[in-house]
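Printed here is data.csv (CSV, C-alpha atoms and all ligand atoms):
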chain,number,residue,atom,x,y,z
A,8,MET,CA,-34.4,-12.5,-18.2
A,9,LYS,CA,-35.0,-9.2,-16.4
A,10,THR,CA,-38.1,-9.4,-14.2
A,11,THR,CA,-37.5,-6.5,-11.9
A,12,GLY,CA,-38.0,-2.8,-12.5
A,13,PHE,CA,-41.3,-2.9,-14.3
A,14,LYS,CA,-43.6,-1.8,-11.5
A,15,GLY,CA,-45.1,1.7,-12.0
A,16,ARG,CA,-43.4,2.3,-15.4
A,17,ASP,CA,-45.2,3.9,-18.3
A,18,PHE,CA,-45.4,2.1,-21.6
A,19,LEU,CA,-45.2,4.9,-24.1
A,20,ALA,CA,-42.6,3.7,-26.5
A,21,GLU,CA,-40.6,0.5,-27.1
A,22,THR,CA,-37.5,2.6,-27.2
A,23,ASP,CA,-38.0,3.3,-23.4
A,24,PHE,CA,-37.2,-0.5,-22.8
A,25,THR,CA,-34.2,-2.6,-23.3
A,26,LYS,CA,-34.2,-5.7,-25.5
A,27,GLU,CA,-34.0,-7.9,-22.4
A,28,GLU,CA,-37.1,-6.2,-20.9
A,29,ILE,CA,-39.1,-6.6,-24.2
A,30,GLU,CA,-38.0,-10.3,-24.2
A,31,THR,CA,-39.4,-10.6,-20.7
A,32,VAL,CA,-42.7,-9.1,-21.8
A,33,LEU,CA,-42.9,-11.6,-24.6
A,34,SER,CA,-42.2,-14.5,-22.2
A,35,VAL,CA,-44.9,-13.4,-19.8
A,36,ALA,CA,-47.4,-13.0,-22.7
A,37,GLU,CA,-46.6,-16.6,-23.9
A,38,ASP,CA,-47.1,-17.9,-20.3
A,39,LEU,CA,-50.4,-16.1,-19.9
A,40,LYS,CA,-51.6,-17.3,-23.3
A,41,LEU,CA,-50.7,-20.9,-22.7
A,42,GLU,CA,-52.2,-20.9,-19.2
A,43,ARG,CA,-55.5,-19.4,-20.3
A,44,ALA,CA,-55.7,-22.1,-23.0
A,45,LYS,CA,-55.2,-24.7,-20.2
A,46,GLY,CA,-58.1,-23.1,-18.3
A,47,ILE,CA,-55.9,-21.4,-15.7
A,48,TYR,CA,-57.4,-18.1,-14.6
A,49,HIS,CA,-55.4,-15.0,-13.7
A,50,ASP,CA,-58.1,-12.9,-12.1
A,51,ASP,CA,-56.1,-12.4,-8.9
A,52,MET,CA,-53.3,-10.5,-10.7
A,53,LEU,CA,-55.0,-7.1,-11.0
A,54,ARG,CA,-58.0,-7.7,-8.7
A,55,SER,CA,-60.1,-4.6,-8.1
A,56,LYS,CA,-57.8,-2.4,-10.2
A,57,THR,CA,-59.0,0.1,-12.8
A,58,LEU,CA,-57.6,1.1,-16.1
A,59,PHE,CA,-58.9,4.4,-17.5
A,60,MET,CA,-58.9,4.4,-21.4
A,61,ILE,CA,-59.2,7.7,-23.2
A,62,PHE,CA,-59.9,7.2,-27.0
A,63,TYR,CA,-59.6,10.3,-29.2
A,64,ASN,CA,-59.8,8.0,-32.2
A,65,GLN,CA,-61.9,5.0,-33.1
A,66,SER,CA,-60.9,1.4,-32.3
A,67,LEU,CA,-62.1,-2.2,-32.4
A,68,ARG,CA,-59.0,-4.3,-31.4
A,69,THR,CA,-57.3,-2.0,-28.9
A,70,ARG,CA,-60.4,-1.1,-26.9
A,71,ASN,CA,-61.7,-4.7,-26.7
A,72,SER,CA,-58.3,-6.3,-26.0
A,73,PHE,CA,-57.6,-3.9,-23.2
A,74,GLU,CA,-61.1,-4.4,-21.8
A,75,ALA,CA,-61.0,-8.2,-22.1
A,76,GLY,CA,-57.5,-8.2,-20.7
A,77,MET,CA,-58.4,-6.2,-17.6
A,78,THR,CA,-61.4,-8.5,-17.0
A,79,GLN,CA,-59.3,-11.6,-17.3
A,80,LEU,CA,-56.7,-10.1,-14.8
A,81,GLY,CA,-59.5,-9.4,-12.3
A,82,GLY,CA,-59.8,-5.6,-12.8
A,83,HIS,CA,-61.9,-3.3,-14.8
A,84,ALA,CA,-61.3,-1.1,-17.9
A,85,HIS,CA,-63.2,2.1,-18.0
A,86,TYR,CA,-63.9,3.7,-21.4
A,87,LEU,CA,-63.7,7.5,-21.6
A,88,ASP,CA,-64.8,9.5,-24.7
A,89,PRO,CA,-62.9,12.8,-24.7
A,90,ASP,CA,-66.0,14.6,-26.0
A,91,LYS,CA,-68.0,13.4,-23.0
A,92,ILE,CA,-65.5,14.5,-20.4
A,93,TYR,CA,-63.8,17.9,-20.5
A,94,LYS,CA,-61.4,17.1,-23.4
A,95,PRO,CA,-57.9,16.8,-22.0
A,96,ALA,CA,-55.9,19.6,-23.6
A,97,MET,CA,-52.3,20.9,-23.4
A,98,GLU,CA,-51.6,24.2,-21.8
A,99,GLY,CA,-52.3,27.0,-24.4
A,100,ARG,CA,-54.9,24.9,-26.2
A,101,GLU,CA,-57.6,25.1,-23.6
A,102,VAL,CA,-61.2,26.2,-24.3
A,103,ALA,CA,-63.3,27.3,-21.4
A,104,TYR,CA,-65.6,24.6,-20.0
A,105,ALA,CA,-64.9,22.4,-23.0
A,106,THR,CA,-61.4,21.2,-22.2
A,107,GLU,CA,-59.4,20.4,-19.0
A,108,ARG,CA,-55.6,20.8,-18.7
A,109,VAL,CA,-53.8,17.4,-19.1
A,110,SER,CA,-52.0,18.0,-15.8
A,111,ASP,CA,-55.3,18.2,-14.0
A,112,VAL,CA,-56.9,15.2,-15.7
A,113,ALA,CA,-53.9,13.1,-15.0
A,114,ARG,CA,-53.8,14.1,-11.3
A,115,VAL,CA,-57.5,13.4,-10.8
A,116,LEU,CA,-57.5,10.0,-12.5
A,117,ASP,CA,-54.4,8.8,-10.6
A,118,ARG,CA,-56.3,9.4,-7.3
A,119,MET,CA,-59.0,6.9,-8.5
A,120,GLY,CA,-57.4,4.2,-10.6
A,121,ASP,CA,-54.3,2.3,-11.4
A,122,ALA,CA,-53.3,3.2,-14.9
A,123,ILE,CA,-54.3,5.6,-17.7
A,124,ALA,CA,-54.3,4.4,-21.4
A,125,ILE,CA,-54.6,6.9,-24.2
A,126,ARG,CA,-55.1,6.8,-28.0
A,127,CYS,CA,-54.5,10.0,-29.9
A,128,TYR,CA,-53.2,10.8,-33.4
A,129,GLY,CA,-54.1,12.8,-36.5
A,130,ASP,CA,-57.1,15.2,-36.5
A,131,PRO,CA,-57.2,15.7,-32.7
A,132,VAL,CA,-53.7,17.2,-32.9
A,133,ASP,CA,-54.2,18.8,-36.3
A,134,TRP,CA,-51.6,16.4,-37.9
A,135,GLU,CA,-48.8,18.1,-36.0
A,136,TYR,CA,-46.4,15.1,-36.0
A,137,GLY,CA,-45.3,14.3,-32.5
A,138,GLY,CA,-48.0,16.4,-30.9
A,139,ALA,CA,-50.0,13.4,-29.6
A,140,HIS,CA,-46.9,11.7,-28.3
A,141,GLU,CA,-45.9,14.9,-26.5
A,142,MET,CA,-49.4,14.9,-24.9
A,143,LEU,CA,-49.0,11.3,-23.7
A,144,ARG,CA,-45.6,12.3,-22.1
A,145,GLU,CA,-47.4,15.2,-20.4
A,146,PHE,CA,-49.9,12.8,-18.9
A,147,ALA,CA,-47.0,10.6,-17.7
A,148,ARG,CA,-45.3,13.6,-16.2
A,149,TRP,CA,-48.2,14.4,-14.0
A,150,ALA,CA,-49.7,10.9,-13.2
A,151,ASP,CA,-48.2,8.8,-10.5
A,152,ILE,CA,-49.7,5.7,-12.1
A,153,PRO,CA,-48.5,4.1,-15.3
A,154,VAL,CA,-49.6,5.7,-18.6
A,155,LEU,CA,-50.0,3.3,-21.5
A,156,ASN,CA,-49.8,4.3,-25.2
A,157,MET,CA,-52.7,2.8,-27.1
A,158,GLU,CA,-51.3,4.4,-30.4
A,159,ASP,CA,-50.1,7.9,-30.9
A,160,ASP,CA,-48.7,9.7,-33.9
A,161,VAL,CA,-45.2,8.2,-33.4
A,162,TYR,CA,-45.6,4.7,-31.8
A,163,HIS,CA,-48.1,1.9,-31.5
A,164,PRO,CA,-46.0,-0.1,-29.0
A,165,PHE,CA,-48.6,-2.7,-28.1
A,166,GLN,CA,-49.3,-3.5,-31.8
A,167,GLY,CA,-45.6,-3.9,-32.3
A,168,LEU,CA,-45.4,-6.3,-29.4
A,169,ALA,CA,-48.2,-8.4,-30.8
A,170,ASP,CA,-46.4,-8.4,-34.2
A,171,VAL,CA,-43.1,-9.7,-32.8
A,172,LEU,CA,-44.9,-12.3,-30.6
A,173,THR,CA,-46.7,-13.6,-33.7
A,174,VAL,CA,-43.3,-13.8,-35.6
A,175,LYS,CA,-41.8,-15.7,-32.6
A,176,GLU,CA,-44.7,-18.2,-32.5
A,177,LYS,CA,-44.6,-18.8,-36.3
A,178,PHE,CA,-40.8,-19.1,-36.7
A,179,GLY,CA,-39.6,-20.2,-33.2
A,180,GLY,CA,-37.4,-17.0,-32.8
A,181,PHE,CA,-36.1,-14.1,-34.7
A,182,LYS,CA,-32.6,-15.1,-36.0
A,183,GLY,CA,-32.5,-15.4,-39.8
A,184,VAL,CA,-36.1,-14.2,-40.2
A,185,ASN,CA,-36.5,-11.8,-43.2
A,186,PHE,CA,-39.1,-9.2,-42.1
A,187,THR,CA,-40.6,-6.8,-44.7
A,188,MET,CA,-42.7,-3.9,-43.6
A,189,SER,CA,-44.2,-2.4,-46.7
A,190,TRP,CA,-46.5,0.5,-47.6
A,191,ALA,CA,-49.7,-0.5,-49.4
A,192,TYR,CA,-52.3,1.6,-51.1
A,193,SER,CA,-55.5,2.7,-49.4
A,194,PRO,CA,-58.3,5.1,-50.5
A,195,SER,CA,-57.7,6.8,-47.1
A,196,ILE,CA,-54.7,9.2,-46.9
A,197,HIS,CA,-55.2,9.6,-43.1
A,198,LYS,CA,-53.6,6.5,-41.6
A,199,PRO,CA,-50.9,7.3,-39.0
A,200,ARG,CA,-47.2,6.2,-39.2
A,201,ALA,CA,-47.2,4.6,-35.8
A,202,VAL,CA,-47.7,0.9,-36.9
A,203,PRO,CA,-44.8,0.7,-39.4
A,204,GLN,CA,-42.5,2.7,-37.1
A,205,SER,CA,-43.2,0.4,-34.1
A,206,ALA,CA,-42.9,-2.7,-36.3
A,207,ILE,CA,-39.5,-1.9,-37.7
A,208,LEU,CA,-38.2,-0.7,-34.3
A,209,TYR,CA,-39.1,-4.1,-32.6
A,210,ALA,CA,-38.0,-6.2,-35.6
A,211,THR,CA,-34.6,-4.6,-35.7
A,212,MET,CA,-34.3,-4.7,-31.9
A,213,MET,CA,-34.9,-8.4,-32.0
A,214,GLY,CA,-32.3,-8.9,-34.7
A,215,MET,CA,-34.3,-9.8,-37.7
A,216,ASN,CA,-33.3,-8.9,-41.3
A,217,VAL,CA,-35.6,-6.0,-41.8
A,218,THR,CA,-36.6,-4.4,-45.1
A,219,LEU,CA,-38.7,-1.3,-45.3
A,220,ALA,CA,-40.4,-0.9,-48.6
A,221,HIS,CA,-42.4,2.2,-49.7
A,222,PRO,CA,-42.8,4.5,-52.7
A,223,GLN,CA,-41.0,7.8,-52.6
A,224,GLY,CA,-42.9,10.3,-50.5
A,225,MET,CA,-43.9,7.8,-47.8
A,226,GLU,CA,-40.7,8.2,-45.8
A,227,LEU,CA,-40.9,7.4,-42.0
A,228,ALA,CA,-39.3,9.7,-39.4
A,229,PRO,CA,-35.5,10.1,-39.7
A,230,ASP,CA,-34.9,9.5,-36.0
A,231,ILE,CA,-36.8,6.2,-36.2
A,232,MET,CA,-34.7,5.1,-39.2
A,233,THR,CA,-31.5,5.9,-37.3
A,234,GLN,CA,-32.7,4.0,-34.2
A,235,CYS,CA,-33.5,1.0,-36.4
A,236,GLU,CA,-30.0,1.0,-37.9
A,237,GLU,CA,-28.5,1.1,-34.4
A,238,TYR,CA,-30.8,-1.7,-33.2
A,239,ALA,CA,-29.9,-3.9,-36.2
A,240,GLN,CA,-26.2,-3.4,-35.6
A,241,ALA,CA,-26.5,-4.2,-31.9
A,242,ALA,CA,-28.6,-7.3,-32.4
A,243,GLY,CA,-26.7,-8.7,-35.4
A,244,GLY,CA,-29.5,-8.3,-37.8
A,245,SER,CA,-29.9,-5.9,-40.8
A,246,PHE,CA,-32.0,-3.0,-41.9
A,247,ARG,CA,-32.4,-1.7,-45.5
A,248,LEU,CA,-34.8,0.5,-47.5
A,249,THR,CA,-36.2,-0.1,-50.9
A,250,ASN,CA,-38.7,1.9,-53.1
A,251,ASP,CA,-39.6,-1.3,-55.0
A,252,PHE,CA,-42.5,-3.4,-53.7
A,253,LYS,CA,-41.4,-6.7,-55.4
A,254,ASP,CA,-37.8,-6.2,-54.3
A,255,GLY,CA,-39.0,-5.8,-50.7
A,256,VAL,CA,-41.2,-9.0,-50.8
A,257,GLU,CA,-38.7,-11.3,-52.6
A,258,GLY,CA,-37.6,-14.0,-50.1
A,259,ALA,CA,-39.4,-12.4,-47.1
A,260,HIS,CA,-40.6,-14.7,-44.3
A,261,VAL,CA,-42.9,-11.9,-43.0
A,262,VAL,CA,-44.8,-9.7,-45.5
A,263,TYR,CA,-46.5,-6.8,-43.7
A,264,PRO,CA,-48.0,-4.4,-46.2
A,265,LYS,CA,-50.2,-1.6,-44.9
A,266,ALA,CA,-51.0,2.0,-45.8
A,267,TRP,CA,-49.6,5.0,-43.9
A,268,CYS,CA,-49.8,8.7,-44.6
A,269,ALA,CA,-47.4,10.7,-46.8
A,270,THR,CA,-45.1,13.3,-45.3
A,271,PRO,CA,-46.9,16.4,-46.9
A,272,ILE,CA,-50.0,15.8,-44.7
A,273,PHE,CA,-48.2,16.9,-41.5
A,274,GLN,CA,-48.0,20.5,-40.4
A,275,PRO,CA,-44.7,22.3,-41.1
A,276,PRO,CA,-41.8,22.0,-40.4
A,277,ILE,CA,-42.2,18.2,-40.8
A,278,GLY,CA,-44.7,18.4,-43.7
A,279,GLU,CA,-46.6,21.0,-45.7
A,280,ALA,CA,-50.2,20.6,-44.5
A,281,ASP,CA,-50.9,19.8,-48.2
A,282,VAL,CA,-53.7,17.3,-48.6
A,283,LYS,CA,-53.7,17.6,-52.4
A,284,LYS,CA,-50.0,16.7,-52.7
A,285,THR,CA,-50.6,13.8,-50.2
A,286,GLN,CA,-53.5,12.5,-52.4
A,287,ALA,CA,-51.4,12.8,-55.5
A,288,ILE,CA,-48.7,10.6,-54.0
A,289,PHE,CA,-51.3,8.0,-53.1
A,290,ASP,CA,-52.9,8.1,-56.6
A,291,GLN,CA,-49.5,7.3,-58.2
A,292,ASN,CA,-49.1,4.1,-56.2
A,293,LYS,CA,-52.4,2.2,-56.5
A,294,ASP,CA,-50.4,-0.9,-57.7
A,295,TRP,CA,-49.0,-1.5,-54.2
A,296,ILE,CA,-51.5,-4.2,-53.3
A,297,CYS,CA,-50.7,-7.5,-51.7
A,298,THR,CA,-52.0,-10.3,-54.1
A,299,SER,CA,-51.3,-14.0,-54.3
A,300,LYS,CA,-48.8,-13.3,-57.0
A,301,ILE,CA,-46.9,-11.0,-54.7
A,302,MET,CA,-47.0,-13.5,-51.8
A,303,ASP,CA,-45.6,-16.2,-54.2
A,304,MET,CA,-42.4,-14.1,-54.4
A,305,ALA,CA,-41.9,-14.4,-50.6
A,306,ALA,CA,-40.4,-17.4,-48.8
A,307,LYS,CA,-42.4,-20.7,-49.1
A,308,ASN,CA,-43.3,-20.6,-45.4
A,309,ALA,CA,-44.0,-16.9,-45.4
A,310,ILE,CA,-46.7,-15.2,-43.4
A,311,TYR,CA,-48.9,-12.3,-44.3
A,312,MET,CA,-49.4,-9.8,-41.5
A,313,HIS,CA,-51.6,-6.8,-41.0
A,314,CYS,CA,-52.5,-4.9,-37.8
A,315,LEU,CA,-56.1,-4.5,-39.1
A,316,PRO,CA,-58.4,-2.9,-40.0
A,317,CYS,CA,-57.3,-3.4,-43.6
A,318,ASP,CA,-58.8,-2.1,-46.8
A,319,ARG,CA,-59.7,-5.2,-48.7
A,320,GLY,CA,-59.3,-4.9,-52.5
A,321,PHE,CA,-56.8,-2.0,-52.0
A,322,GLU,CA,-54.1,-3.0,-49.5
A,323,VAL,CA,-54.7,-6.7,-49.9
A,324,THR,CA,-56.9,-9.1,-51.8
A,325,ASN,CA,-59.4,-11.4,-50.1
A,326,GLU,CA,-57.4,-14.5,-51.2
A,327,VAL,CA,-54.4,-13.4,-49.3
A,328,ILE,CA,-55.8,-12.3,-46.0
A,329,ASP,CA,-58.3,-15.1,-45.8
A,330,LYS,CA,-55.8,-17.9,-46.5
A,331,THR,CA,-55.3,-19.0,-42.9
A,332,GLU,CA,-54.7,-22.7,-43.6
A,333,GLY,CA,-53.3,-24.9,-46.3
A,334,LYS,CA,-49.9,-25.3,-47.9
A,335,GLY,CA,-47.4,-22.5,-48.6
A,336,TRP,CA,-47.7,-19.0,-47.4
A,337,LEU,CA,-50.5,-18.2,-44.9
A,338,SER,CA,-52.2,-15.2,-43.4
A,339,ALA,CA,-51.4,-14.6,-39.7
A,340,ALA,CA,-53.5,-11.4,-39.4
A,341,PHE,CA,-56.0,-12.9,-37.0
A,342,ASP,CA,-53.4,-14.6,-34.8
A,343,GLU,CA,-51.7,-11.2,-34.7
A,344,ALA,CA,-55.0,-9.5,-33.6
A,345,GLU,CA,-55.4,-12.1,-30.8
A,346,ASN,CA,-51.9,-11.5,-29.6
A,347,ARG,CA,-52.9,-7.9,-28.8
A,348,LEU,CA,-54.8,-9.4,-25.8
A,349,HIS,CA,-51.8,-11.5,-24.5
A,350,VAL,CA,-49.1,-8.8,-24.8
A,351,GLN,CA,-51.3,-6.2,-23.2
A,352,LYS,CA,-52.1,-8.5,-20.3
A,353,ALA,CA,-48.3,-9.1,-19.9
A,354,VAL,CA,-47.5,-5.4,-19.8
A,355,MET,CA,-50.4,-4.5,-17.5
A,356,SER,CA,-49.5,-7.4,-15.1
A,357,LEU,CA,-45.9,-6.2,-15.0
A,358,VAL,CA,-46.4,-2.4,-14.6
A,359,MET,CA,-49.6,-2.2,-12.7
B,401,LIG,N1,-54.7,-2.5,-34.8
B,401,LIG,C1,-55.4,-1.6,-34.1
B,401,LIG,O1,-54.9,-0.8,-33.3
B,401,LIG,O2,-56.7,-1.8,-34.3
B,401,LIG,P1,-57.8,-0.8,-33.8
B,401,LIG,O3,-57.7,0.5,-34.5
B,401,LIG,O4,-59.1,-1.5,-34.1
B,401,LIG,O5,-57.7,-0.6,-32.3
Could you spell out this file's structure in structure tokens?
Ligand code: CP
Amino acid sequence: MKTTGFKGRDFLAETDFTKEEIETVLSVAEDLKLERAKGIYHDDMLRSKTLFMIFYNQSLRTRNSFEAGMTQLGGHAHYLDPDKIYKPAMEGREVAYATERVSDVARVLDRMGDAIAIRCYGDPVDWEYGGAHEMLREFARWADIPVLNMEDDVYHPFQGLADVLTVKEKFGGFKGVNFTMSWAYSPSIHKPRAVPQSAILYATMMGMNVTLAHPQGMELAPDIMTQCEEYAQAAGGSFRLTNDFKDGVEGAHVVYPKAWCATPIFQPPIGEADVKKTQAIFDQNKDWICTSKIMDMAAKNAIYMHCLPCDRGFEVTNEVIDKTEGKGWLSAAFDEAENRLHVQKAVMSLVM
């Protein structure tokens, strides 16, 4: 277990950390979770420290798990609405007295607090794939305190951590676990790719047998696919792609079906900035919904996962997501949501 070298580091992408370091984060999260259940408090770990949280997009889980986590560790999480400060903007995208250059915001906040967390994807960067991640890297370049990624347009590294912690708890480890990340239909074409990309990165890094299932047109970023292949090979797991929902679910221990956007929505050169074309791909794939019949094709002890929020009746039926107890496959979506709190406390305690 590697416990040194975390202090002061940014948490922007899982790919910035080794497998051993991610395993340490999971161990710390398990310890904090168990100790809290036993009534042991951790409010001396980040006493009097401040986390600044800038949300360009809405959130239930991320905001509240970071806020609750900071309170439990003895510090304070401070919510910042970009429209109520001078919106942090990259050089060349500034508007007089409405925005403030990222380099300036980063250097002001790092004189006052102990970490900066940011969520940004989609509309705030005009669907320029990678634009939000680049902005987070710019914050990190200028801030001397850790910068944490609360979801950008490439990675959702804290969601991915909660996902693998949930798998570890349910199956006792990762070896031999068949993990299927699948696309599912949603009436919204505006969901980012970050969740599935982070999920398959962590799952392959941990050595699971990973299947990515999606209709044609819903491809993830080529560099993420290459990284997953490399992780799978290094960890002794596997990684495959299918365009058939049922083939993807057959025999899976983890069934993780959620919507993400189609490639044409992005600005060129990645996409075509074509909303009509994006909508058409969605309309052709309304049958990608996780029902009991679909879950019956998975392994007998399978779990259903979703990062939430989900579109009930479109991505998943009520009978699947609400089956949290009983025999056979079960929904782990709410355990997964809780684990956001524990993994974030682990990372914050290590890097802050
Ligand atoms: N899963 C997740 O990030 O949820 P929120 O959008 O509510 O933060």
Taking all atoms listed in the file into account, which residues are within 10 Å of ligand LIG 401 (chain B), as an NGL selection string?
-> :A and (62 or 64-73 or 126 or 157-158 or 163-167 or 169 or 201-202 or 313-317 or 343-344 or 347)
Residue contacts of Arg200 (chain A) (8 Å, all atoms listed in the file) excluding same-chain residues fewer than 6 positions away, as a PyMOL selection string = chain A and resi 160-162+227+267-268
Do a neighbour search on Trp190 (chain A) at 7 Å with only C-alpha atoms, toss out local chain neighbours closer than 4 positions, and write the hits as a PyMOL selection string.
-> chain A and resi 220-221+264-267
Resulting file, chosen residues, C-alpha atoms, as a CSV table (one decimal), keeping the file's coordinate frame:
chain,number,residue,atom,x,y,z
A,220,ALA,CA,-40.4,-0.9,-48.6
A,221,HIS,CA,-42.4,2.2,-49.7
A,264,PRO,CA,-48.0,-4.4,-46.2
A,265,LYS,CA,-50.2,-1.6,-44.9
A,266,ALA,CA,-51.0,2.0,-45.8
A,267,TRP,CA,-49.6,5.0,-43.9
Counting all atoms listed in the file, write as a PDB file with C-alpha atoms, in the frame of the given file all protein and nucleic acid residues lying at most 8 Å from (-65.5, 17.9, -18.9) in the file's frame.
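The resulting out-v5.pdb:
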ATOM      1  CA  ASP A  90     -66.000  14.600 -26.000  1.00  0.00           C
ATOM      2  CA  LYS A  91     -68.000  13.400 -23.000  1.00  0.00           C
ATOM      3  CA  ILE A  92     -65.500  14.500 -20.400  1.00  0.00           C
ATOM      4  CA  TYR A  93     -63.800  17.900 -20.500  1.00  0.00           C
ATOM      5  CA  LYS A  94     -61.400  17.100 -23.400  1.00  0.00           C
ATOM      6  CA  TYR A 104     -65.600  24.600 -20.000  1.00  0.00           C
ATOM      7  CA  ALA A 105     -64.900  22.400 -23.000  1.00  0.00           C
ATOM      8  CA  THR A 106     -61.400  21.200 -22.200  1.00  0.00           C
ATOM      9  CA  GLU A 107     -59.400  20.400 -19.000  1.00  0.00           C
TER      10      GLU A 107
END
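Take CA of Ala84 (chain A) and CA of Met52 (chain A): the distance between them is 14.3 Å.
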Can you tell me, as number ranges by chain, which residues sit within 12 Å of (-46.7, 13.6, -15.9) in the file's frame, using all atoms listed in the file?
-> A: 16-17, 97, 108-117, 123, 141-154
Go through A:Thr57, A:Ala139, A:Val132, A:Asp50 one by one, measure the shortest atom-to-atom distance of each to Gln274 (chain A) using only C-alpha atoms, and give the residue with the smallest value.
-> A:Val132
Using CA of Ala305 (chain A) and CA of Pro229 (chain A) as the two end points, give the distance in Å to one decimal.
->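 The value is 27.6 Å.
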Skipping near chain neighbours, those fewer than 2 positions away, what residues fall within 10 Å of Pro222 (chain A) using only C-alpha atoms, listed as a list in words?
->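 Listing them by chain and then by number gives Ser189, Trp190, Ala191, Ala220, Gly224, Met225, Glu226, Thr249, Asn250, Asp251, Phe252, Ala269, Ile288, Phe289, Gln291, Asn292 and Trp295 of chain A.
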Residue nearest Ser299 (chain A) - candidates A:Gly258, A:Pro271, A:Gly278, A:Gly335, atoms counted: only C-alpha atoms =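 Once distances to Ser299 (chain A) are computed over only C-alpha atoms, the minimum belongs to A:Gly335.
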What gap, in Å, lies between CA of Phe246 (chain A) and CA of Met213 (chain A)?
->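 Result for CA of Phe246 (chain A) versus CA of Met213 (chain A): 11.6 Å, one decimal.
When the distance limit is 9 Å and only C-alpha atoms are what count, the residues near Met215 (chain A), minus those fewer than 5 positions from it on the same chain, are Phe181, Lys182, Gly183, Val184, Asn185, Phe186, Ala210, Ala239, Ala242, Gly243, Gly244, Ser245 and Phe246 of chain A.
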Could you take the residues named above and write them with C-alpha atoms, as a PDB file, keeping the file's coordinate frame?
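So part.pdb came out as:
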ATOM      1  CA  PHE A 181     -36.100 -14.100 -34.700  1.00  0.00           C
ATOM      2  CA  LYS A 182     -32.600 -15.100 -36.000  1.00  0.00           C
ATOM      3  CA  GLY A 183     -32.500 -15.400 -39.800  1.00  0.00           C
ATOM      4  CA  VAL A 184     -36.100 -14.200 -40.200  1.00  0.00           C
ATOM      5  CA  ASN A 185     -36.500 -11.800 -43.200  1.00  0.00           C
ATOM      6  CA  PHE A 186     -39.100  -9.200 -42.100  1.00  0.00           C
ATOM      7  CA  ALA A 210     -38.000  -6.200 -35.600  1.00  0.00           C
ATOM      8  CA  ALA A 239     -29.900  -3.900 -36.200  1.00  0.00           C
ATOM      9  CA  ALA A 242     -28.600  -7.300 -32.400  1.00  0.00           C
ATOM     10  CA  GLY A 243     -26.700  -8.700 -35.400  1.00  0.00           C
ATOM     11  CA  GLY A 244     -29.500  -8.300 -37.800  1.00  0.00           C
ATOM     12  CA  SER A 245     -29.900  -5.900 -40.800  1.00  0.00           C
ATOM     13  CA  PHE A 246     -32.000  -3.000 -41.900  1.00  0.00           C
TER      14      PHE A 246
END
